[in-house]
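Colleague: Please find start-v8.txt (compact mmCIF, C-alpha atoms) on the next line:
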```
# COMPACT_ATOMS: atom_id res chain seq x y z
CA MET A 1 29.13 -35.44 25.59
CA SER A 2 26.63 -37.55 27.50
CA ARG A 3 25.37 -34.42 29.24
CA LYS A 4 24.49 -32.85 25.88
CA LYS A 5 22.72 -36.01 24.72
CA GLY A 6 20.72 -36.00 27.94
CA LYS A 7 19.51 -32.48 27.27
CA ALA A 8 18.57 -33.42 23.73
CA ARG A 9 16.57 -36.44 24.99
CA GLN A 10 14.79 -34.24 27.52
CA ARG A 11 13.82 -31.79 24.79
CA MET A 12 12.52 -34.67 22.67
CA LYS A 13 10.40 -35.93 25.57
CA ASP A 14 8.96 -32.48 26.11
CA TRP A 15 7.94 -32.25 22.46
CA GLN A 16 6.46 -35.76 22.55
CA LEU A 17 4.40 -34.85 25.59
CA ARG A 18 3.04 -31.77 23.86
CA ASP A 19 2.22 -33.71 20.67
CA ASN A 20 0.50 -36.50 22.59
CA HIS A 21 -1.54 -33.98 24.55
CA SER A 22 -2.59 -32.18 21.37
CA ALA A 23 -3.49 -35.44 19.64
CA GLY A 24 -6.13 -36.19 22.28
CA ASP A 25 -7.93 -32.90 21.78
CA ALA A 26 -10.78 -32.60 19.34
CA ALA A 27 -9.48 -29.29 18.08
CA PRO A 28 -5.70 -28.98 18.65
CA SER A 29 -4.65 -25.40 19.39
CA ARG A 30 -1.71 -23.75 17.62
CA SER A 31 0.65 -21.46 19.47
CA LYS A 32 1.25 -18.09 17.77
CA ILE A 33 4.76 -17.83 16.36
CA ALA A 34 4.42 -14.15 15.41
CA PRO A 35 1.99 -11.34 16.26
CA ASN A 36 -0.85 -10.53 13.91
CA ALA A 37 0.31 -8.76 10.78
CA ALA A 38 -0.92 -5.22 10.15
CA LYS A 39 -3.96 -5.09 7.93
CA ILE A 40 -3.03 -3.42 4.66
CA PRO A 41 -5.84 -1.99 2.52
CA ALA A 42 -6.25 -3.89 -0.71
CA TRP A 43 -5.61 -0.80 -2.83
CA ARG A 44 -2.14 -0.41 -1.24
CA GLN A 45 -1.20 -3.88 -2.43
CA GLU A 46 -1.55 -2.88 -6.07
CA GLY A 47 2.18 -3.26 -6.66
CA GLY A 48 2.06 -5.52 -9.66
CA SER A 49 3.02 -4.11 -13.04
CA ASP A 50 -0.42 -4.99 -14.47
CA ASN A 51 -2.20 -2.76 -11.92
CA LEU A 52 0.33 0.10 -12.10
CA ASP A 53 0.32 0.19 -15.90
CA ALA A 54 -3.37 1.06 -15.86
CA LEU A 55 -2.91 4.07 -13.58
CA PRO A 56 -2.33 7.65 -14.82
CA ARG A 57 1.24 8.98 -14.56
CA ARG A 58 2.57 12.29 -13.26
CA GLU A 59 6.04 13.77 -13.03
CA ALA A 60 6.90 15.02 -9.55
CA MET A 61 9.84 16.32 -7.53
CA VAL A 62 10.88 14.73 -4.24
CA THR A 63 10.73 17.18 -1.33
CA GLY A 64 11.08 14.83 1.64
CA LEU A 65 11.41 11.24 2.78
CA PHE A 66 10.08 9.40 5.81
CA PRO A 67 10.04 5.71 6.86
CA GLY A 68 7.78 3.93 4.40
CA GLY A 69 7.06 6.83 2.10
CA VAL A 70 8.15 9.83 0.04
CA ILE A 71 6.78 13.38 -0.10
CA THR A 72 6.66 14.85 -3.60
CA ILE A 73 5.24 17.92 -5.29
CA ALA A 74 3.61 17.97 -8.74
CA ASP A 75 2.23 21.15 -10.30
CA GLY A 76 2.06 22.75 -6.85
CA GLN A 77 0.21 19.78 -5.30
CA GLN A 78 1.81 17.78 -2.49
CA LEU A 79 1.65 14.01 -2.92
CA ILE A 80 2.35 11.33 -0.31
CA CYS A 81 3.78 8.40 -2.26
CA GLY A 82 4.82 4.84 -1.73
CA VAL A 83 7.58 3.16 -3.73
CA ALA A 84 6.64 0.48 -6.25
CA GLY A 85 8.22 -2.94 -5.89
CA THR A 86 9.43 -2.59 -9.47
CA PHE A 87 11.41 0.60 -8.68
CA ARG A 88 15.05 -0.01 -9.61
CA PRO A 89 17.29 3.06 -9.21
CA PRO A 90 20.84 3.06 -10.60
CA ALA A 91 23.34 1.50 -8.21
CA GLY A 92 26.07 3.45 -6.47
CA SER A 93 24.13 6.24 -4.76
CA THR A 94 21.14 7.03 -2.56
CA ALA A 95 17.96 5.73 -4.21
CA LEU A 96 15.94 8.91 -3.66
CA ALA A 97 16.88 12.40 -2.47
CA VAL A 98 15.33 15.85 -2.26
CA GLY A 99 15.14 17.33 -5.77
CA ASP A 100 14.89 14.01 -7.61
CA ILE A 101 12.45 13.98 -10.53
CA VAL A 102 10.28 10.87 -10.37
CA THR A 103 7.42 9.28 -12.29
CA VAL A 104 4.40 8.61 -10.09
CA ALA A 105 1.53 6.23 -10.85
CA MET A 106 -1.45 8.03 -9.32
CA THR A 107 -3.81 6.15 -7.01
CA ARG A 108 -7.44 5.98 -8.08
CA PRO A 109 -9.43 8.88 -6.56
CA GLU A 110 -11.81 6.57 -4.69
CA HIS A 111 -8.85 5.14 -2.78
CA VAL A 112 -7.46 8.48 -1.57
CA ASP A 113 -8.61 10.06 1.69
CA ALA A 114 -7.00 13.35 2.72
CA HIS A 115 -7.86 12.63 6.36
CA THR A 116 -5.88 9.38 6.41
CA ALA A 117 -2.59 9.43 8.33
CA ASP A 118 0.48 9.95 6.12
CA ASN A 119 2.03 6.61 7.13
CA VAL A 120 -1.00 4.83 5.64
CA ARG A 121 -2.12 7.22 2.91
CA ALA A 122 -0.65 6.98 -0.58
CA ASP A 123 -1.56 9.35 -3.39
CA GLY A 124 0.58 7.34 -5.78
CA MET A 125 3.49 4.96 -6.26
CA ILE A 126 6.95 6.01 -7.48
CA LEU A 127 7.88 3.96 -10.54
CA SER A 128 11.17 5.46 -11.70
CA ARG A 129 13.69 8.25 -11.19
CA ALA A 130 15.11 10.50 -13.90
CA LYS A 131 18.86 10.85 -14.35
CA ARG A 132 20.35 13.44 -11.99
CA ARG A 133 21.78 16.60 -13.58
CA THR A 134 23.59 17.77 -10.46
CA MET A 135 23.88 16.60 -6.88
CA LEU A 136 25.28 17.47 -3.48
CA ALA A 137 26.73 14.28 -2.07
CA ARG A 138 29.39 12.75 0.11
CA PRO A 139 31.25 9.45 -0.32
CA GLU A 140 30.13 6.84 2.18
CA PRO A 141 32.09 3.60 2.61
CA ARG A 142 30.11 0.40 2.49
CA SER A 143 30.10 -1.73 5.61
CA GLY A 144 28.80 -5.08 6.83
CA LYS A 145 26.87 -7.25 4.40
CA HIS A 146 26.81 -4.42 1.80
CA ARG A 147 30.60 -4.28 1.60
CA ASP A 148 32.33 -5.84 -1.40
CA GLU A 149 36.06 -6.29 -0.85
CA TYR A 150 36.66 -6.28 -4.62
CA GLU A 151 34.70 -3.05 -5.24
CA ASP A 152 36.68 0.17 -4.89
CA THR A 153 34.04 2.67 -6.04
CA GLU A 154 32.43 4.82 -3.35
CA PHE A 155 28.75 4.76 -2.50
CA LEU A 156 27.42 8.32 -2.70
CA LYS A 157 25.02 9.58 -0.08
CA VAL A 158 23.03 12.19 -2.03
CA ILE A 159 21.48 15.01 -0.01
CA VAL A 160 19.89 17.06 -2.81
CA ALA A 161 19.79 16.68 -6.59
CA ASN A 162 19.00 18.64 -9.76
CA MET A 163 19.64 22.09 -8.31
CA ASP A 164 21.30 24.87 -10.34
CA GLN A 165 23.16 26.66 -7.58
CA LEU A 166 24.19 26.33 -3.96
CA VAL A 167 23.57 29.55 -2.03
CA VAL A 168 26.12 29.61 0.79
CA VAL A 169 24.98 31.97 3.54
CA ALA A 170 27.47 33.44 6.03
CA ALA A 171 27.17 36.24 8.58
CA THR A 172 29.39 39.12 9.55
CA ARG A 173 28.71 38.50 13.25
CA GLN A 174 26.66 36.22 15.49
CA PRO A 175 28.10 33.80 14.45
CA ALA A 176 31.36 35.06 12.94
CA MET A 177 32.26 34.32 9.33
CA ARG A 178 34.20 31.07 8.90
CA GLN A 179 36.40 30.98 5.81
CA SER A 180 37.06 27.23 6.08
CA LEU A 181 33.33 26.41 6.11
CA ILE A 182 32.71 28.63 3.06
CA GLU A 183 35.50 26.90 1.14
CA ARG A 184 34.13 23.48 2.04
CA PHE A 185 30.70 24.39 0.68
CA TRP A 186 32.44 25.75 -2.43
CA ILE A 187 34.18 22.49 -3.32
CA ILE A 188 31.00 20.51 -2.49
CA ALA A 189 29.06 22.58 -5.03
CA GLN A 190 31.78 22.34 -7.68
CA ARG A 191 32.05 18.54 -7.27
CA GLY A 192 28.29 18.29 -7.72
CA GLU A 193 28.43 20.49 -10.88
CA MET A 194 26.43 23.27 -9.23
CA THR A 195 27.20 26.99 -9.29
CA PRO A 196 28.15 28.26 -5.81
CA LEU A 197 26.97 31.70 -4.66
CA LEU A 198 28.18 33.35 -1.44
CA VAL A 199 25.77 35.62 0.46
CA VAL A 200 27.07 37.47 3.52
CA ASN A 201 24.18 38.47 5.79
CA LYS A 202 23.86 40.77 8.83
CA THR A 203 25.80 43.67 7.32
CA ASP A 204 23.59 45.91 9.48
CA ILE A 205 25.36 44.56 12.57
CA ALA A 206 28.97 44.88 11.37
CA PRO A 207 31.00 44.99 8.12
CA PRO A 208 32.44 41.69 6.87
CA ASP A 209 35.98 40.67 7.78
CA ALA A 210 38.19 42.33 5.14
CA GLU A 211 40.97 39.75 5.49
CA ILE A 212 38.60 36.84 4.90
CA LEU A 213 37.10 38.56 1.85
CA ALA A 214 40.60 39.12 0.44
CA ASN A 215 41.50 35.46 0.99
CA LEU A 216 38.29 34.31 -0.69
CA ALA A 217 38.96 36.62 -3.64
CA THR A 218 42.23 34.80 -4.35
CA VAL A 219 40.24 31.63 -5.14
CA GLY A 220 37.59 33.49 -7.15
CA ILE A 221 34.88 33.88 -4.49
CA THR A 222 33.07 37.23 -4.56
CA PRO A 223 30.14 37.63 -2.12
CA ILE A 224 26.85 39.47 -2.25
CA LEU A 225 26.59 41.64 0.88
CA VAL A 226 23.03 41.78 2.27
CA SER A 227 20.94 42.49 5.34
CA ALA A 228 17.69 40.62 5.78
CA GLN A 229 16.68 43.18 8.41
CA THR A 230 17.22 46.41 6.43
CA GLY A 231 16.80 45.01 2.91
CA ALA A 232 20.25 46.13 1.75
CA GLY A 233 21.51 44.06 -1.20
CA MET A 234 18.30 42.02 -1.42
CA ASP A 235 17.42 43.19 -4.93
CA GLU A 236 20.70 41.84 -6.27
CA LEU A 237 20.13 38.54 -4.46
CA ARG A 238 16.62 38.21 -5.89
CA SER A 239 17.95 38.75 -9.41
CA ARG A 240 20.58 36.02 -8.91
CA LEU A 241 17.90 33.57 -7.71
CA ALA A 242 15.32 34.31 -10.42
CA GLY A 243 14.74 31.47 -12.89
CA LYS A 244 16.98 29.02 -11.03
CA LYS A 245 16.61 26.11 -8.65
CA SER A 246 18.66 27.05 -5.59
CA VAL A 247 19.39 25.30 -2.32
CA LEU A 248 20.45 27.14 0.84
CA ALA A 249 23.47 26.19 2.94
CA GLY A 250 25.27 27.64 5.90
CA ALA A 251 25.91 27.31 9.62
CA SER A 252 23.07 27.70 12.10
CA GLY A 253 22.27 31.27 13.06
CA VAL A 254 23.56 33.00 9.92
CA GLY A 255 20.03 34.06 8.97
CA LYS A 256 18.91 31.64 6.24
CA SER A 257 15.31 31.65 7.46
CA SER A 258 15.34 35.44 7.77
CA LEU A 259 16.53 35.70 4.15
CA VAL A 260 13.73 33.37 3.05
CA ASN A 261 11.17 35.56 4.81
CA ALA A 262 12.60 38.62 3.04
CA ILE A 263 12.69 36.98 -0.40
CA VAL A 264 9.40 35.06 -0.32
CA PRO A 265 6.39 37.13 0.83
CA GLY A 266 4.29 35.16 3.31
CA ALA A 267 6.88 32.39 3.70
CA ALA A 268 6.79 32.62 7.52
CA ALA A 269 9.96 30.54 7.84
CA VAL A 270 10.72 29.82 11.50
CA THR A 271 13.63 31.86 12.87
CA ASN A 272 15.64 31.51 16.06
CA THR A 273 18.11 33.87 17.68
CA VAL A 274 21.74 33.03 18.31
CA ARG A 275 22.81 31.68 21.70
CA MET A 276 24.85 34.52 23.12
CA LYS A 277 26.84 32.15 25.35
CA ASP A 278 28.77 30.53 22.49
CA GLN A 279 27.53 32.46 19.40
CA ARG A 280 26.07 29.24 17.99
CA GLY A 281 22.81 29.28 16.10
CA ARG A 282 19.89 27.05 16.87
CA HIS A 283 19.07 24.93 13.85
CA THR A 284 15.51 25.89 12.88
CA THR A 285 14.80 23.95 9.66
CA ALA A 286 13.92 20.33 10.50
CA SER A 287 12.97 19.12 7.00
CA ALA A 288 13.21 20.31 3.39
CA VAL A 289 10.97 23.25 2.54
CA VAL A 290 10.37 24.35 -1.06
CA TYR A 291 9.53 27.96 -1.95
CA ASN A 292 8.40 29.23 -5.35
CA ILE A 293 10.26 32.36 -6.45
CA ALA A 294 10.29 34.27 -9.78
CA ASP A 295 10.20 31.29 -12.16
CA GLY A 296 12.49 29.34 -9.86
CA LEU A 297 12.67 27.36 -6.62
CA LEU A 298 14.41 27.97 -3.31
CA ILE A 299 14.96 24.92 -1.11
CA ASP A 300 15.99 24.98 2.54
CA THR A 301 17.09 21.57 3.82
CA PRO A 302 19.24 20.77 6.90
CA GLY A 303 21.07 17.87 5.28
CA VAL A 304 23.28 20.20 3.22
CA ARG A 305 24.64 21.83 6.37
CA GLU A 306 25.97 18.48 7.64
CA LEU A 307 27.96 17.92 4.42
CA ALA A 308 30.46 20.63 5.27
CA ILE A 309 30.38 20.60 9.05
CA LYS A 310 30.94 16.83 9.35
CA MET A 311 33.47 16.51 6.51
CA GLU A 312 36.36 14.15 7.28
CA LEU A 313 39.89 13.94 5.88
CA THR A 314 39.25 10.51 4.34
CA GLU A 315 36.57 12.00 2.06
CA LEU A 316 38.23 15.35 1.32
CA THR A 317 40.15 13.96 -1.68
CA TRP A 318 36.85 13.01 -3.36
CA TYR A 319 35.95 16.70 -3.62
CA PHE A 320 39.15 17.30 -5.64
CA PRO A 321 38.51 15.11 -8.72
CA GLU A 322 41.88 15.98 -10.27
CA PHE A 323 43.51 14.13 -7.34
CA GLU A 324 41.69 10.84 -7.98
CA ALA A 325 43.76 9.49 -10.87
CA LEU A 326 46.98 10.60 -9.18
CA SER A 327 46.00 8.96 -5.88
CA ARG A 328 46.25 5.53 -7.48
CA GLN A 329 49.94 6.19 -8.13
CA CYS A 330 50.76 7.08 -4.51
CA ARG A 331 52.89 4.62 -2.56
CA PHE A 332 50.25 4.21 0.15
CA ASN A 333 46.61 3.39 -0.62
CA ASP A 334 45.42 5.63 2.22
CA CYS A 335 47.69 8.53 1.33
CA THR A 336 46.38 11.85 2.64
CA HIS A 337 48.72 13.84 0.32
CA LEU A 338 50.02 15.78 3.31
CA HIS A 339 53.24 14.23 4.64
CA GLU A 340 53.56 10.74 3.12
CA PRO A 341 56.65 9.91 0.99
CA GLN A 342 56.31 9.13 -2.73
CA CYS A 343 52.99 10.98 -3.00
CA ALA A 344 51.95 11.36 -6.64
CA VAL A 345 49.82 14.42 -5.88
CA LYS A 346 52.70 16.35 -4.31
CA ALA A 347 54.96 15.27 -7.18
CA ALA A 348 52.43 16.62 -9.69
CA VAL A 349 52.37 19.97 -7.87
CA ASP A 350 56.17 20.17 -7.91
CA SER A 351 56.29 19.39 -11.64
CA GLY A 352 53.58 21.92 -12.50
CA ALA A 353 51.10 19.27 -13.69
CA LEU A 354 48.72 20.17 -10.84
CA SER A 355 47.66 23.68 -9.86
CA PRO A 356 49.49 24.91 -6.73
CA LEU A 357 46.44 27.01 -5.82
CA ARG A 358 44.22 23.93 -5.76
CA TYR A 359 46.72 22.06 -3.61
CA GLU A 360 47.00 25.01 -1.23
CA SER A 361 43.21 25.01 -0.94
CA TYR A 362 43.32 21.29 -0.14
CA LEU A 363 45.96 21.85 2.56
CA ARG A 364 43.99 24.73 4.06
CA LEU A 365 40.82 22.65 4.28
CA ALA A 366 42.66 19.62 5.66
CA GLU A 367 44.04 21.72 8.52
CA THR A 368 40.58 22.99 9.50
CA LEU A 369 38.66 19.70 9.48
CA GLY A 370 37.23 19.04 12.90
CA ASP A 371 36.67 22.73 13.64
```
Could you express the structure from this file as structure tokens?
Modeller:
Amino acid sequence: MSRKKGKARQRMKDWQLRDNHSAGDAAPSRSKIAPNAAKIPAWRQEGGSDNLDALPRREAMVTGLFPGGVITIADGQQLICGVAGTFRPPAGSTALAVGDIVTVAMTRPEHVDAHTADNVRADGMILSRAKRRTMLARPEPRSGKHRDEYEDTEFLKVIVANMDQLVVVAATRQPAMRQSLIERFWIIAQRGEMTPLLVVNKTDIAPPDAEILANLATVGITPILVSAQTGAGMDELRSRLAGKKSVLAGASGVGKSSLVNAIVPGAAAVTNTVRMKDQRGRHTTASAVVYNIADGLLIDTPGVRELAIKMELTELTWYFPEFEALSRQCRFNDCTHLHEPQCAVKAAVDSGALSPLRYESYLRLAETLGD
């Protein structure tokens, strides 16, 4: 104990010596506690409601996000936006995602410089977000300081919102068609209230696997067979995309960028070949890209791909909403509905209250997770 007191006394003496030394100086110097703050232009500090209320408003769609800002598009014009301090999105999901419709308070023209770096430039401030019609999302458990032990609702990580259909692209070869991945995308679209559409590309290389097509037909999945190289089936695909907001999904290497180049003249989407060593595609789209097509939109964003490929068993139940109410009646809170006793989901299947086809789809997907 005395040793600790001695250290405390020594620290006190050191401070007294510093204070006495400073007191004898005509102009005592102050040591810097923190580095100089970044200089923020005055116009970027216009976050108060009084200043924002006086600015003109525009409706825009979010096309990308980066640290400290949001990329939006309004009437064909790209806007780099900040987020107003008064922005209060609904709780329970990602604040902003690609496809969100937002209200932007436009910056005064004299304060906008197109040559300014994007991390400093702001064409406007996002004030609010419209209610989402549809969304592709995944449940994400809260952790750390954000976790509430009394809250049992999931936090939804939203990848893309307000799209009409999810265009799932597969290939006949290079890489081979994966039924499990197609079915995962299918339930993701259905959970988000979007219409799924299967497009099988590279029919010029080989015909699609007949067994996989037959299996998909049993759950109501009928594909459009196309070739981005020869143009076969592209007219039908264009007609299905016209007038709709669509988002692309699929494994790397299936030819999404090649399809975009075939559908959108002058798109010049970057394409990469498949690694012949393991038949894996190189992921070519690094951020969301929006294309205008026949009174509609086509969006290519890499985040959708991760939804299906990184799906885990703990979140699979969320994509089967008819399981949710039954899950609360299971004996175990973490019931996977596979082998546990007194499972309410399995009991509902046995009694006919739950569709056997849906449960078989669940079992099939559960077996393939991790592939």
Colleague: So which residues touch range 160-167 of chain A within 9 Å, counting all atoms listed in the file, skipping near sequence neighbours fewer than 5 positions away, as JSON, numbers by chain?
Modeller: {"A": [97, 98, 99, 100, 101, 132, 133, 134, 135, 136, 137, 185, 186, 189, 192, 193, 194, 195, 196, 197, 198, 199, 241, 244, 245, 246, 247, 248, 249, 250, 297, 301, 303, 304]}
Colleague: Take CA of Gly231 in chain A and CA of Ala262 in chain A and report the distance between them in Å, one decimal.
Modeller: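 Pair CA of Gly231 in chain A / CA of Ala262 in chain A returns 7.6 Å.
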Colleague: Neighbouring residues of range 314-323 of chain A were defined as those with any atom within 8 Å, considering only C-alpha atoms; residues of the same chain fewer than 4 positions away were excluded. Please report them as a compact mmCIF listing (two decimals) with C-alpha atoms, in the coordinates of the input.
Modeller:
```txt
# COMPACT_ATOMS: atom_id res chain seq x y z
CA ARG A 138 29.39 12.75 0.11
CA PRO A 139 31.25 9.45 -0.32
CA ILE A 187 34.18 22.49 -3.32
CA ILE A 188 31.00 20.51 -2.49
CA ARG A 191 32.05 18.54 -7.27
CA SER A 327 46.00 8.96 -5.88
CA THR A 336 46.38 11.85 2.64
CA VAL A 345 49.82 14.42 -5.88
CA TYR A 362 43.32 21.29 -0.14
CA ALA A 366 42.66 19.62 5.66
```
Colleague: Give me the residues near Val62 in chain A as a VMD selection string, where near means some atom within 12 Å (using all atoms listed in the file) and where sequence neighbours in that chain fewer than 2 positions away do not count.
Modeller: chain A and resid 59 to 60 64 to 66 69 to 74 77 to 82 95 to 104 126 128 to 130 159 to 162 288 to 290 299
Colleague: I'd like the contact shell of Ser227 in chain A - 7 Å cut-off, only C-alpha atoms, skipping same-chain residues fewer than 4 positions apart - returned as number ranges by chain.
Modeller: A: 201-204, 231-233
Colleague: Using CA of Ala214 in chain A and CA of Arg240 in chain A as the two end points, give the distance in Å to one decimal.
Modeller: 22.3 Å
Colleague: When you draw a straight line from CA of Glu183 in chain A to CA of Leu216 in chain A, how long is it in Å?
Modeller: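 Computing the Euclidean distance for CA of Glu183 in chain A and CA of Leu216 in chain A yields 8.1 Å.
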Colleague: Find the residues near Ile309 in chain A: any atom within 10 Å, counting all atoms listed in the file, skip ones fewer than 2 places away on the same chain, and give them as a list in words.
Modeller: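 Result of the neighbour search: Ser180, Leu181, Arg184, Phe185, Gly250, Ala251, Val304, Arg305, Glu306, Leu307, Met311, Glu312, Leu369, Gly370 and Asp371 of chain A.
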Colleague: Write out, as a PDB file, keeping the file's coordinate frame, the residues just selected, with C-alpha atoms.
Modeller:
```pdb
ATOM      1  CA  SER A 180      37.060  27.230   6.080  1.00  0.00           C
ATOM      2  CA  LEU A 181      33.330  26.410   6.110  1.00  0.00           C
ATOM      3  CA  ARG A 184      34.130  23.480   2.040  1.00  0.00           C
ATOM      4  CA  PHE A 185      30.700  24.390   0.680  1.00  0.00           C
ATOM      5  CA  GLY A 250      25.270  27.640   5.900  1.00  0.00           C
ATOM      6  CA  ALA A 251      25.910  27.310   9.620  1.00  0.00           C
ATOM      7  CA  VAL A 304      23.280  20.200   3.220  1.00  0.00           C
ATOM      8  CA  ARG A 305      24.640  21.830   6.370  1.00  0.00           C
ATOM      9  CA  GLU A 306      25.970  18.480   7.640  1.00  0.00           C
ATOM     10  CA  LEU A 307      27.960  17.920   4.420  1.00  0.00           C
ATOM     11  CA  MET A 311      33.470  16.510   6.510  1.00  0.00           C
ATOM     12  CA  GLU A 312      36.360  14.150   7.280  1.00  0.00           C
ATOM     13  CA  LEU A 369      38.660  19.700   9.480  1.00  0.00           C
ATOM     14  CA  GLY A 370      37.230  19.040  12.900  1.00  0.00           C
ATOM     15  CA  ASP A 371      36.670  22.730  13.640  1.00  0.00           C
TER      16      ASP A 371
END
```
Colleague: Which of these, A:Val200, A:Leu156, A:Ala308, A:Leu55, has the shortest distance to Thr107 in chain A once you count only C-alpha atoms?
Modeller: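 Looking at the shortest contact to Thr107 in chain A, the residue is A:Leu55.
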Colleague: Quick one: of A:Ala344, A:Ile224, A:Leu326, A:Val219, who's nearest to Leu357 in chain A, counting only C-alpha atoms?
Modeller: A:Val219
Colleague: Which of these residues is nearest to Met106 in chain A, using only C-alpha atoms: A:Val254, A:Arg57, A:Val260, A:Ala210?
Modeller: A:Arg57
Colleague: Counting all atoms listed in the file, figure out which residue out of A:Leu259, A:Leu213, A:Ala91, A:Val264 gets nearest to Thr230 in chain A.
Modeller: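 Closest candidate: A:Leu259.
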Colleague: Looking at A:Lys310, A:Ile263, A:Glu211, A:Gly296, which one is nearest to Asp235 in chain A, with distances taken over all atoms listed in the file?
Modeller: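 Ranking A:Lys310, A:Ile263, A:Glu211, A:Gly296 by distance to Asp235 in chain A, first place goes to A:Ile263.
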Colleague: Between A:Pro89, A:Ala353, A:Gln174, A:Met234, which is the closest to Asn261 in chain A once you count only C-alpha atoms?
Modeller: A:Met234
